[in-house]
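With PDB, C-alpha atoms inside, this is entry-v6.pdb:
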ATOM      1  CA  MET A 904      98.023 106.925 118.184  1.00  0.00           C
ATOM      2  CA  LEU A 905      97.710 103.768 116.100  1.00  0.00           C
ATOM      3  CA  PRO A 906      96.625 100.579 117.884  1.00  0.00           C
ATOM      4  CA  LYS A 907      99.482  98.111 118.334  1.00  0.00           C
ATOM      5  CA  ILE A 908      99.663  94.382 117.687  1.00  0.00           C
ATOM      6  CA  ILE A 909     102.299  92.907 120.005  1.00  0.00           C
ATOM      7  CA  VAL A 910     103.618  89.611 118.658  1.00  0.00           C
ATOM      8  CA  ALA A 911     104.905  88.140 121.898  1.00  0.00           C
ATOM      9  CA  GLY A 912     105.100  84.373 121.629  1.00  0.00           C
ATOM     10  CA  ALA A 913     104.993  82.704 125.039  1.00  0.00           C
ATOM     11  CA  HIS A 914     105.997  85.618 127.252  1.00  0.00           C
ATOM     12  CA  LYS A 915     104.802  85.704 130.828  1.00  0.00           C
ATOM     13  CA  ARG A 916     102.122  88.345 131.011  1.00  0.00           C
ATOM     14  CA  GLU A 917     103.609  90.330 133.869  1.00  0.00           C
ATOM     15  CA  VAL A 918     106.972  90.420 132.070  1.00  0.00           C
ATOM     16  CA  LEU A 919     105.352  91.599 128.854  1.00  0.00           C
ATOM     17  CA  LEU A 920     103.398  94.339 130.618  1.00  0.00           C
ATOM     18  CA  SER A 921     106.583  95.584 132.225  1.00  0.00           C
ATOM     19  CA  ALA A 922     108.416  95.545 128.892  1.00  0.00           C
ATOM     20  CA  LEU A 923     105.638  97.655 127.369  1.00  0.00           C
ATOM     21  CA  GLY A 924     105.826 100.140 130.217  1.00  0.00           C
ATOM     22  CA  LEU A 925     102.403  99.095 131.530  1.00  0.00           C
ATOM     23  CA  SER A 926     101.085  97.844 134.843  1.00  0.00           C
ATOM     24  CA  ALA A 927      98.053  95.781 135.836  1.00  0.00           C
ATOM     25  CA  THR A 928      96.437  98.892 137.318  1.00  0.00           C
ATOM     26  CA  SER A 929      96.775 100.903 134.101  1.00  0.00           C
ATOM     27  CA  VAL A 930      95.276  98.257 131.805  1.00  0.00           C
ATOM     28  CA  MET A 931      91.770  96.988 131.095  1.00  0.00           C
ATOM     29  CA  ALA A 932      92.279  93.469 129.758  1.00  0.00           C
ATOM     30  CA  TYR A 933      90.124  91.081 127.747  1.00  0.00           C
ATOM     31  CA  GLU A 934      90.692  87.359 127.130  1.00  0.00           C
ATOM     32  CA  GLY A 935      90.601  86.784 123.403  1.00  0.00           C
ATOM     33  CA  SER A 936      90.552  82.995 123.788  1.00  0.00           C
ATOM     34  CA  LYS A 937      87.125  83.299 125.421  1.00  0.00           C
ATOM     35  CA  GLY A 938      85.845  86.080 123.210  1.00  0.00           C
ATOM     36  CA  LYS A 939      82.198  86.429 122.307  1.00  0.00           C
ATOM     37  CA  ILE A 940      80.819  89.083 120.013  1.00  0.00           C
ATOM     38  CA  ASP A 941      78.524  90.820 122.504  1.00  0.00           C
ATOM     39  CA  ASP A 942      81.074  90.650 125.330  1.00  0.00           C
ATOM     40  CA  LEU A 943      83.822  92.079 123.147  1.00  0.00           C
ATOM     41  CA  ARG A 944      81.592  94.887 121.890  1.00  0.00           C
ATOM     42  CA  HIS A 945      80.696  95.772 125.494  1.00  0.00           C
ATOM     43  CA  PHE A 946      84.372  95.699 126.511  1.00  0.00           C
ATOM     44  CA  ILE A 947      85.354  98.065 123.705  1.00  0.00           C
ATOM     45  CA  ASN A 948      82.516 100.523 124.349  1.00  0.00           C
ATOM     46  CA  PHE A 949      83.094 100.492 128.108  1.00  0.00           C
ATOM     47  CA  GLY A 950      86.838 100.890 127.655  1.00  0.00           C
ATOM     48  CA  VAL A 951      86.446 103.915 125.408  1.00  0.00           C
ATOM     49  CA  ASN A 952      84.166 105.556 127.974  1.00  0.00           C
ATOM     50  CA  VAL A 953      86.586 104.842 130.846  1.00  0.00           C
ATOM     51  CA  SER A 954      89.518 106.270 128.892  1.00  0.00           C
ATOM     52  CA  VAL A 955      87.748 109.624 128.580  1.00  0.00           C
ATOM     53  CA  GLY A 956      87.958 110.060 132.350  1.00  0.00           C
ATOM     54  CA  SER A 957      91.260 108.208 132.774  1.00  0.00           C
ATOM     55  CA  PRO A 958      93.658 109.204 129.962  1.00  0.00           C
ATOM     56  CA  GLY A 959      96.424 106.940 131.275  1.00  0.00           C
ATOM     57  CA  MET A 960      94.308 103.805 130.893  1.00  0.00           C
ATOM     58  CA  SER A 961      95.056 101.346 128.080  1.00  0.00           C
ATOM     59  CA  LEU A 962      92.973  98.538 126.593  1.00  0.00           C
ATOM     60  CA  LEU A 963      94.672  95.200 126.012  1.00  0.00           C
ATOM     61  CA  ILE A 964      93.318  92.052 124.392  1.00  0.00           C
ATOM     62  CA  TRP A 965      95.243  88.897 125.276  1.00  0.00           C
ATOM     63  CA  ASP A 966      95.413  86.123 122.648  1.00  0.00           C
ATOM     64  CA  ALA A 967      93.856  88.396 120.044  1.00  0.00           C
ATOM     65  CA  ASP A 968      94.795  85.905 117.345  1.00  0.00           C
ATOM     66  CA  ARG A 969      92.419  83.413 119.001  1.00  0.00           C
ATOM     67  CA  LEU A 970      89.412  85.669 118.527  1.00  0.00           C
ATOM     68  CA  SER A 971      86.947  84.273 116.007  1.00  0.00           C
ATOM     69  CA  PRO A 972      86.757  86.059 112.638  1.00  0.00           C
ATOM     70  CA  GLU A 973      83.346  87.367 113.699  1.00  0.00           C
ATOM     71  CA  CYS A 974      84.815  88.864 116.888  1.00  0.00           C
ATOM     72  CA  GLN A 975      87.707  90.387 114.967  1.00  0.00           C
ATOM     73  CA  THR A 976      85.204  92.050 112.671  1.00  0.00           C
ATOM     74  CA  VAL A 977      83.752  93.802 115.733  1.00  0.00           C
ATOM     75  CA  LEU A 978      87.138  95.531 116.159  1.00  0.00           C
ATOM     76  CA  LEU A 979      87.299  97.069 112.694  1.00  0.00           C
ATOM     77  CA  LYS A 980      85.232 100.223 113.157  1.00  0.00           C
ATOM     78  CA  PRO A 981      86.628 101.017 116.640  1.00  0.00           C
ATOM     79  CA  LEU A 982      90.156 100.525 115.316  1.00  0.00           C
ATOM     80  CA  GLU A 983      89.471 103.237 112.760  1.00  0.00           C
ATOM     81  CA  ASP A 984      87.314 105.658 114.721  1.00  0.00           C
ATOM     82  CA  SER A 985      87.743 105.434 118.477  1.00  0.00           C
ATOM     83  CA  PHE A 986      91.428 105.279 119.327  1.00  0.00           C
ATOM     84  CA  GLU A 987      92.881 108.714 118.613  1.00  0.00           C
ATOM     85  CA  LYS A 988      93.595 109.209 122.319  1.00  0.00           C
ATOM     86  CA  LEU A 989      93.361 105.654 123.630  1.00  0.00           C
ATOM     87  CA  CYS A 990      96.194 103.126 123.689  1.00  0.00           C
ATOM     88  CA  LEU A 991      95.045  99.723 122.441  1.00  0.00           C
ATOM     89  CA  PHE A 992      97.241  96.626 122.443  1.00  0.00           C
ATOM     90  CA  LEU A 993      96.351  93.360 120.717  1.00  0.00           C
ATOM     91  CA  VAL A 994      98.680  90.656 122.024  1.00  0.00           C
ATOM     92  CA  ALA A 995      99.136  87.724 119.661  1.00  0.00           C
ATOM     93  CA  THR A 996     101.313  84.647 119.422  1.00  0.00           C
ATOM     94  CA  ASN A 997     101.060  84.726 115.631  1.00  0.00           C
ATOM     95  CA  GLU A 998      99.827  87.785 113.758  1.00  0.00           C
ATOM     96  CA  ASN A 999      98.775  85.540 110.871  1.00  0.00           C
ATOM     97  CA  GLY A1000      95.798  84.525 113.032  1.00  0.00           C
ATOM     98  CA  LEU A1001      94.446  88.068 112.667  1.00  0.00           C
ATOM     99  CA  LEU A1002      92.339  89.246 109.749  1.00  0.00           C
ATOM    100  CA  PRO A1003      94.199  91.299 107.127  1.00  0.00           C
ATOM    101  CA  THR A1004      91.705  94.107 107.760  1.00  0.00           C
ATOM    102  CA  VAL A1005      92.745  94.145 111.448  1.00  0.00           C
ATOM    103  CA  LEU A1006      96.447  94.068 110.587  1.00  0.00           C
ATOM    104  CA  SER A1007      96.082  96.975 108.176  1.00  0.00           C
ATOM    105  CA  ARG A1008      94.672  99.183 110.931  1.00  0.00           C
ATOM    106  CA  CYS A1009      97.466  98.548 113.429  1.00  0.00           C
ATOM    107  CA  VAL A1010     101.210  98.786 113.936  1.00  0.00           C
ATOM    108  CA  VAL A1011     102.782  95.330 114.279  1.00  0.00           C
ATOM    109  CA  ILE A1012     105.605  95.076 116.832  1.00  0.00           C
ATOM    110  CA  ASN A1013     107.620  91.909 117.370  1.00  0.00           C
ATOM    111  CA  GLN A1014     108.509  91.712 121.060  1.00  0.00           C
ATOM    112  CA  PRO A1015     111.936  90.199 121.872  1.00  0.00           C
ATOM    113  CA  GLU A1016     112.174  86.871 123.623  1.00  0.00           C
ATOM    114  CA  GLU A1017     111.744  87.001 127.378  1.00  0.00           C
ATOM    115  CA  GLY A1018     115.434  86.645 128.128  1.00  0.00           C
ATOM    116  CA  GLU A1019     116.205  89.615 125.904  1.00  0.00           C
ATOM    117  CA  LEU A1020     113.854  91.853 127.902  1.00  0.00           C
ATOM    118  CA  LYS A1021     116.212  91.955 130.883  1.00  0.00           C
ATOM    119  CA  THR A1022     118.511  94.600 129.466  1.00  0.00           C
ATOM    120  CA  SER A1023     120.211  97.357 131.370  1.00  0.00           C
ATOM    121  CA  TYR A1024     118.281 100.455 130.284  1.00  0.00           C
ATOM    122  CA  TRP A1025     115.480  99.618 127.835  1.00  0.00           C
ATOM    123  CA  LYS A1026     112.952  98.716 130.530  1.00  0.00           C
ATOM    124  CA  SER A1027     113.641 101.929 132.464  1.00  0.00           C
ATOM    125  CA  ILE A1028     113.284 104.025 129.315  1.00  0.00           C
ATOM    126  CA  LEU A1029     109.959 102.377 128.442  1.00  0.00           C
ATOM    127  CA  GLU A1030     108.722 103.106 131.953  1.00  0.00           C
ATOM    128  CA  CYS A1031     109.676 106.767 131.482  1.00  0.00           C
ATOM    129  CA  PHE A1032     107.738 106.912 128.221  1.00  0.00           C
ATOM    130  CA  ALA A1033     104.700 105.477 130.028  1.00  0.00           C
ATOM    131  CA  LYS A1034     104.902 107.810 133.039  1.00  0.00           C
ATOM    132  CA  GLY A1035     105.883 111.105 131.428  1.00  0.00           C
ATOM    133  CA  PRO A1036     108.356 114.006 131.696  1.00  0.00           C
ATOM    134  CA  ALA A1037     108.961 113.865 135.460  1.00  0.00           C
ATOM    135  CA  SER A1038     110.145 110.251 135.196  1.00  0.00           C
ATOM    136  CA  CYS A1039     112.262 111.132 132.163  1.00  0.00           C
ATOM    137  CA  LEU A1040     114.086 113.844 134.100  1.00  0.00           C
ATOM    138  CA  ALA A1041     114.467 111.585 137.144  1.00  0.00           C
ATOM    139  CA  LEU A1042     116.137 108.866 135.062  1.00  0.00           C
ATOM    140  CA  ALA A1043     118.486 111.414 133.455  1.00  0.00           C
ATOM    141  CA  ASP A1044     119.433 112.659 136.911  1.00  0.00           C
ATOM    142  CA  ASP A1045     120.189 109.109 138.135  1.00  0.00           C
ATOM    143  CA  LEU A1046     122.567 108.128 135.329  1.00  0.00           C
ATOM    144  CA  GLU A1047     126.207 108.970 134.811  1.00  0.00           C
ATOM    145  CA  LYS A1048     127.523 110.074 131.419  1.00  0.00           C
ATOM    146  CA  LEU A1049     128.839 106.629 130.464  1.00  0.00           C
ATOM    147  CA  GLU A1050     125.514 105.060 131.438  1.00  0.00           C
ATOM    148  CA  MET A1051     123.668 107.556 129.239  1.00  0.00           C
ATOM    149  CA  GLU A1052     125.866 106.621 126.305  1.00  0.00           C
ATOM    150  CA  LYS A1053     125.153 102.927 126.865  1.00  0.00           C
ATOM    151  CA  ALA A1054     121.423 103.652 127.212  1.00  0.00           C
ATOM    152  CA  LEU A1055     121.353 105.526 123.899  1.00  0.00           C
ATOM    153  CA  GLU A1056     123.359 102.760 122.235  1.00  0.00           C
ATOM    154  CA  GLU A1057     120.732 100.295 123.438  1.00  0.00           C
ATOM    155  CA  VAL A1058     117.888 102.456 122.105  1.00  0.00           C
ATOM    156  CA  ILE A1059     119.633 102.670 118.735  1.00  0.00           C
ATOM    157  CA  ALA A1060     120.164  98.897 118.630  1.00  0.00           C
ATOM    158  CA  ARG A1061     116.545  98.196 119.590  1.00  0.00           C
ATOM    159  CA  LEU A1062     115.024 100.594 117.088  1.00  0.00           C
ATOM    160  CA  SER A1063     117.406  99.593 114.294  1.00  0.00           C
ATOM    161  CA  SER A1064     116.611  95.890 114.710  1.00  0.00           C
ATOM    162  CA  GLY A1065     112.898  96.671 114.669  1.00  0.00           C
ATOM    163  CA  LEU A1066     113.106  98.303 111.244  1.00  0.00           C
ATOM    164  CA  ALA A1067     113.132  94.841 109.674  1.00  0.00           C
ATOM    165  CA  ASP A1068     109.597  94.310 110.979  1.00  0.00           C
ATOM    166  CA  GLU A1069     108.126  97.795 111.049  1.00  0.00           C
ATOM    167  CA  VAL A1070     108.987 101.177 109.585  1.00  0.00           C
ATOM    168  CA  ASN A1071     107.066 104.209 110.764  1.00  0.00           C
ATOM    169  CA  GLN A1072     107.816 107.897 110.965  1.00  0.00           C
ATOM    170  CA  ASN A1073     108.013 108.144 114.760  1.00  0.00           C
ATOM    171  CA  ARG A1074     110.385 105.167 115.048  1.00  0.00           C
ATOM    172  CA  LEU A1075     112.723 106.802 112.545  1.00  0.00           C
ATOM    173  CA  LYS A1076     112.471 110.177 114.296  1.00  0.00           C
ATOM    174  CA  ILE A1077     113.329 108.665 117.686  1.00  0.00           C
ATOM    175  CA  LEU A1078     116.180 106.677 116.144  1.00  0.00           C
ATOM    176  CA  LYS A1079     117.585 109.894 114.634  1.00  0.00           C
ATOM    177  CA  LEU A1080     117.204 111.675 117.982  1.00  0.00           C
ATOM    178  CA  ALA A1081     119.093 108.884 119.744  1.00  0.00           C
ATOM    179  CA  ILE A1082     121.971 109.075 117.243  1.00  0.00           C
ATOM    180  CA  ASP A1083     122.133 112.881 117.410  1.00  0.00           C
ATOM    181  CA  TYR A1084     122.002 113.032 121.212  1.00  0.00           C
ATOM    182  CA  LEU A1085     124.565 110.248 121.597  1.00  0.00           C
ATOM    183  CA  SER A1086     126.922 112.233 119.391  1.00  0.00           C
ATOM    184  CA  LYS A1087     126.391 115.372 121.491  1.00  0.00           C
ATOM    185  CA  ILE A1088     127.027 113.563 124.776  1.00  0.00           C
ATOM    186  CA  ARG A1089     130.065 111.668 123.513  1.00  0.00           C
ATOM    187  CA  PHE A1090     131.855 114.311 121.466  1.00  0.00           C
ATOM    188  CA  THR A1091     130.952 117.697 122.993  1.00  0.00           C
ATOM    189  CA  ASN A1092     131.099 119.364 126.389  1.00  0.00           C
ATOM    190  CA  VAL A1093     127.338 119.757 126.771  1.00  0.00           C
ATOM    191  CA  ASN A1094     125.509 119.048 130.025  1.00  0.00           C
ATOM    192  CA  ALA A1095     124.943 115.308 129.566  1.00  0.00           C
ATOM    193  CA  LYS A1096     122.025 115.122 132.015  1.00  0.00           C
ATOM    194  CA  LEU A1097     120.223 117.949 130.230  1.00  0.00           C
ATOM    195  CA  VAL A1098     120.798 116.410 126.800  1.00  0.00           C
ATOM    196  CA  PHE A1099     119.712 112.918 127.860  1.00  0.00           C
ATOM    197  CA  GLY A1100     116.641 114.327 129.609  1.00  0.00           C
ATOM    198  CA  ASN A1101     115.746 116.255 126.459  1.00  0.00           C
ATOM    199  CA  PHE A1102     116.072 113.075 124.405  1.00  0.00           C
ATOM    200  CA  LEU A1103     113.660 111.209 126.703  1.00  0.00           C
ATOM    201  CA  ILE A1104     111.116 114.041 126.753  1.00  0.00           C
ATOM    202  CA  ASP A1105     111.306 114.621 122.984  1.00  0.00           C
ATOM    203  CA  SER A1106     110.819 110.887 122.394  1.00  0.00           C
ATOM    204  CA  TRP A1107     107.915 110.783 124.868  1.00  0.00           C
ATOM    205  CA  ARG A1108     106.205 113.613 122.956  1.00  0.00           C
ATOM    206  CA  LEU A1109     106.566 111.717 119.681  1.00  0.00           C
ATOM    207  CA  ILE A1110     105.079 108.564 121.209  1.00  0.00           C
ATOM    208  CA  LYS A1111     102.164 110.415 122.798  1.00  0.00           C
ATOM    209  CA  ALA A1112     101.405 112.506 119.699  1.00  0.00           C
TER     210      ALA A1112
END
Written as structure tokens, that's how I'd like the structure from this file.
Amino acid sequence: MLPKIIVAGAHKREVLLSALGLSATSVMAYEGSKGKIDDLRHFINFGVNVSVGSPGMSLLIWDADRLSPECQTVLLKPLEDSFEKLCLFLVATNENGLLPTVLSRCVVINQPEEGELKTSYWKSILECFAKGPASCLALADDLEKLEMEKALEEVIARLSSGLADEVNQNRLKILKLAIDYLSKIRFTNVNAKLVFGNFLIDSWRLIKA
């Protein structure tokens, strides 16, 4: 899974974590504004080791764009070699503060403004993607057919708007899934809960691949 640069402006940290489907207990965080080369190298090495025993753990660097160029250089080899199974997030106010060599190794995601995060279904869907299939099925069981349609419409809107900033294969696959499953729920007599649950699980597999 490619490391992610989250361009988040002035979001409150707890709000941003929630929007990303993360929690304080599932994240090892580092303060980029105070970054020092040796400290950052130790954080990366320690984080990789912890992730081996705790697959659900993510590494997150706050204010990554405030890391010195020397510190950012420390990230280059780990960004290429060490993150096949580890989720790494670099949170930045402005991605232009990051070295081009860092940007080229990551997926850049522009996070919506804080007020836009409080949508009806997006937060719940992100939480499902973070927690796995059981949560996906639980959410499908909780929603009515009309709610599922609205949830899929929101996924389509979110992913479509993001294409202006980032195009990758998984985003397009999930967008296609959302369109296909919305059509099935809206225009056929299929079991809506089963179809919506399948959409969430199929999307989760793409994200975790």
Could you list as an MDAnalysis selection string every residue that has an atom within 8 Å of (111.8, 107.0, 138.2), using the file's coordinates and counting all atoms listed in the file? chainID A and resid 1027 1030:1031 1037:1039 1041:1042
Which residues, written as a PyMOL selection string, have at least one atom at most 7 Å from stretch 1070-1086 of chain A, with all atoms listed in the file counted and residues fewer than 2 positions away on the same chain left out? chain A and resi 1052+1055+1058-1059+1062+1066+1088-1090+1098+1102+1106+1109
What's the separation between atom CA of A:Asp968 and atom CA of A:Trp1107, in Å to one decimal place?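 Atom-to-atom, atom CA of A:Asp968 to atom CA of A:Trp1107, that is 29.1 Å.
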Residues matched by the PyMOL selection byres ((chain A and resi 959) around 12), written as a ChimeraX atom specification: /A:924-926,928-931,950-951,953-958,960-962,988-991,1032-1035,1111
Check what the PyMOL selection byres ((chain A and resi 916) around 12) selects in the file above and give those residues as number ranges by chain. A: 909, 911-915, 917-923, 925-927, 932, 963-966, 994-995, 1017
Selection: 6 Å around A:Ala1043, only C-alpha atoms, excl. self and same-chain fewer than 4 positions, as a PyMOL selection string: chain A and resi 1096+1099-1100
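Across A:Asn952, A:Asn999, A:Arg1008, A:Asn1092, the tightest approach to A:Leu979 is made by A:Arg1008 when counting all atoms listed in the file.
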Which value, in Å to one decimal, gives the distance between atom CA of A:Asn1013 and atom CA of A:Asn1101?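 Straight-line distance from atom CA of A:Asn1013 to atom CA of A:Asn1101 works out to 27.2 Å.
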Protein and nucleic acid residues near (90.4, 89.3, 123.5) (cut-off 7 Å, all atoms listed in the file) as a VMD selection string: chain A and resid 933 to 936 938 964 to 967 970
Selection file, C-alpha atoms, as an mmCIF file, keeping the file's coordinate frame:
data_model
loop_
_atom_site.group_PDB
_atom_site.id
_atom_site.type_symbol
_atom_site.label_atom_id
_atom_site.label_comp_id
_atom_site.auth_asym_id
_atom_site.auth_seq_id
_atom_site.Cartn_x
_atom_site.Cartn_y
_atom_site.Cartn_z
ATOM 1 C CA TYR A 933 90.124 91.081 127.747
ATOM 2 C CA GLU A 934 90.692 87.359 127.130
ATOM 3 C CA GLY A 935 90.601 86.784 123.403
ATOM 4 C CA SER A 936 90.552 82.995 123.788
ATOM 5 C CA GLY A 938 85.845 86.080 123.210
ATOM 6 C CA ILE A 964 93.318 92.052 124.392
ATOM 7 C CA TRP A 965 95.243 88.897 125.276
ATOM 8 C CA ASP A 966 95.413 86.123 122.648
ATOM 9 C CA ALA A 967 93.856 88.396 120.044
ATOM 10 C CA LEU A 970 89.412 85.669 118.527
#
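The residue that comes closest to A:Asn997, out of A:Ile1012, A:Leu943, A:Leu978, A:Glu1050 and on the basis of all atoms listed in the file, is A:Ile1012.
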Selected residue of minimal separation from A:Ala1095 among A:Ala1060, A:Ala1112, A:Leu1049, A:Val977, counting only C-alpha atoms: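 That would be A:Leu1049, the residue with the smallest distance to A:Ala1095.
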Could you tell me, as a PyMOL selection string, exactly which residues end up selected when the PyMOL selection byres ((chain A and resi 1010) around 8) is applied to this structure? chain A and resi 905-908+1006-1009+1011-1012+1069
So how many Å separate atom CA of A:Pro981 and atom CA of A:Asp1105, to one decimal?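 Computed distance, atom CA of A:Pro981 to atom CA of A:Asp1105, equals 28.9 Å.
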Completed stretch 1032-1041 of chain A (all heavy atoms) as a short mmCIF file (atom, residue, chain, number, x, y, z; two decimals), in the frame of the given file:
data_model
loop_
_atom_site.label_atom_id
_atom_site.label_comp_id
_atom_site.auth_asym_id
_atom_site.auth_seq_id
_atom_site.Cartn_x
_atom_site.Cartn_y
_atom_site.Cartn_z
N PHE A 1032 108.67 106.54 129.29
CA PHE A 1032 107.74 106.91 128.22
C PHE A 1032 106.29 106.72 128.68
O PHE A 1032 105.40 107.45 128.27
CB PHE A 1032 108.00 106.07 126.97
CG PHE A 1032 109.30 106.39 126.29
CD1 PHE A 1032 109.85 105.49 125.38
CD2 PHE A 1032 109.98 107.58 126.54
CE1 PHE A 1032 111.05 105.79 124.74
CE2 PHE A 1032 111.17 107.87 125.91
CZ PHE A 1032 111.71 106.97 125.00
N ALA A 1033 106.05 105.73 129.53
CA ALA A 1033 104.70 105.48 130.03
C ALA A 1033 104.29 106.50 131.08
O ALA A 1033 103.12 106.88 131.16
CB ALA A 1033 104.61 104.06 130.59
N LYS A 1034 105.24 106.96 131.89
CA LYS A 1034 104.90 107.81 133.04
C LYS A 1034 104.99 109.30 132.74
O LYS A 1034 104.31 110.10 133.38
CB LYS A 1034 105.82 107.47 134.22
CG LYS A 1034 105.60 106.06 134.75
CD LYS A 1034 106.58 105.74 135.88
CE LYS A 1034 106.36 104.33 136.41
NZ LYS A 1034 107.35 103.98 137.47
N GLY A 1035 105.85 109.70 131.80
CA GLY A 1035 105.88 111.10 131.43
C GLY A 1035 107.15 111.85 131.79
O GLY A 1035 108.14 111.27 132.25
N PRO A 1036 107.15 113.18 131.58
CA PRO A 1036 108.36 114.01 131.70
C PRO A 1036 109.06 113.93 133.05
O PRO A 1036 110.29 113.93 133.09
CB PRO A 1036 107.83 115.43 131.43
CG PRO A 1036 106.63 115.22 130.57
CD PRO A 1036 106.00 113.95 131.06
N ALA A 1037 108.31 113.90 134.15
CA ALA A 1037 108.96 113.86 135.46
C ALA A 1037 109.84 112.63 135.60
O ALA A 1037 110.97 112.71 136.12
CB ALA A 1037 107.92 113.91 136.57
N SER A 1038 109.36 111.48 135.13
CA SER A 1038 110.14 110.25 135.20
C SER A 1038 111.34 110.31 134.25
O SER A 1038 112.41 109.78 134.55
CB SER A 1038 109.26 109.04 134.85
OG SER A 1038 108.28 108.84 135.84
N CYS A 1039 111.16 110.97 133.11
CA CYS A 1039 112.26 111.13 132.16
C CYS A 1039 113.40 111.91 132.81
O CYS A 1039 114.58 111.53 132.72
CB CYS A 1039 111.78 111.86 130.91
SG CYS A 1039 110.59 110.93 129.90
N LEU A 1040 113.06 113.02 133.46
CA LEU A 1040 114.09 113.84 134.10
C LEU A 1040 114.73 113.12 135.28
O LEU A 1040 115.93 113.27 135.52
CB LEU A 1040 113.47 115.17 134.56
CG LEU A 1040 112.98 116.08 133.42
CD1 LEU A 1040 112.31 117.32 134.01
CD2 LEU A 1040 114.13 116.48 132.50
N ALA A 1041 113.93 112.33 136.01
CA ALA A 1041 114.47 111.58 137.14
C ALA A 1041 115.48 110.55 136.68
O ALA A 1041 116.54 110.36 137.31
CB ALA A 1041 113.33 110.92 137.91
#
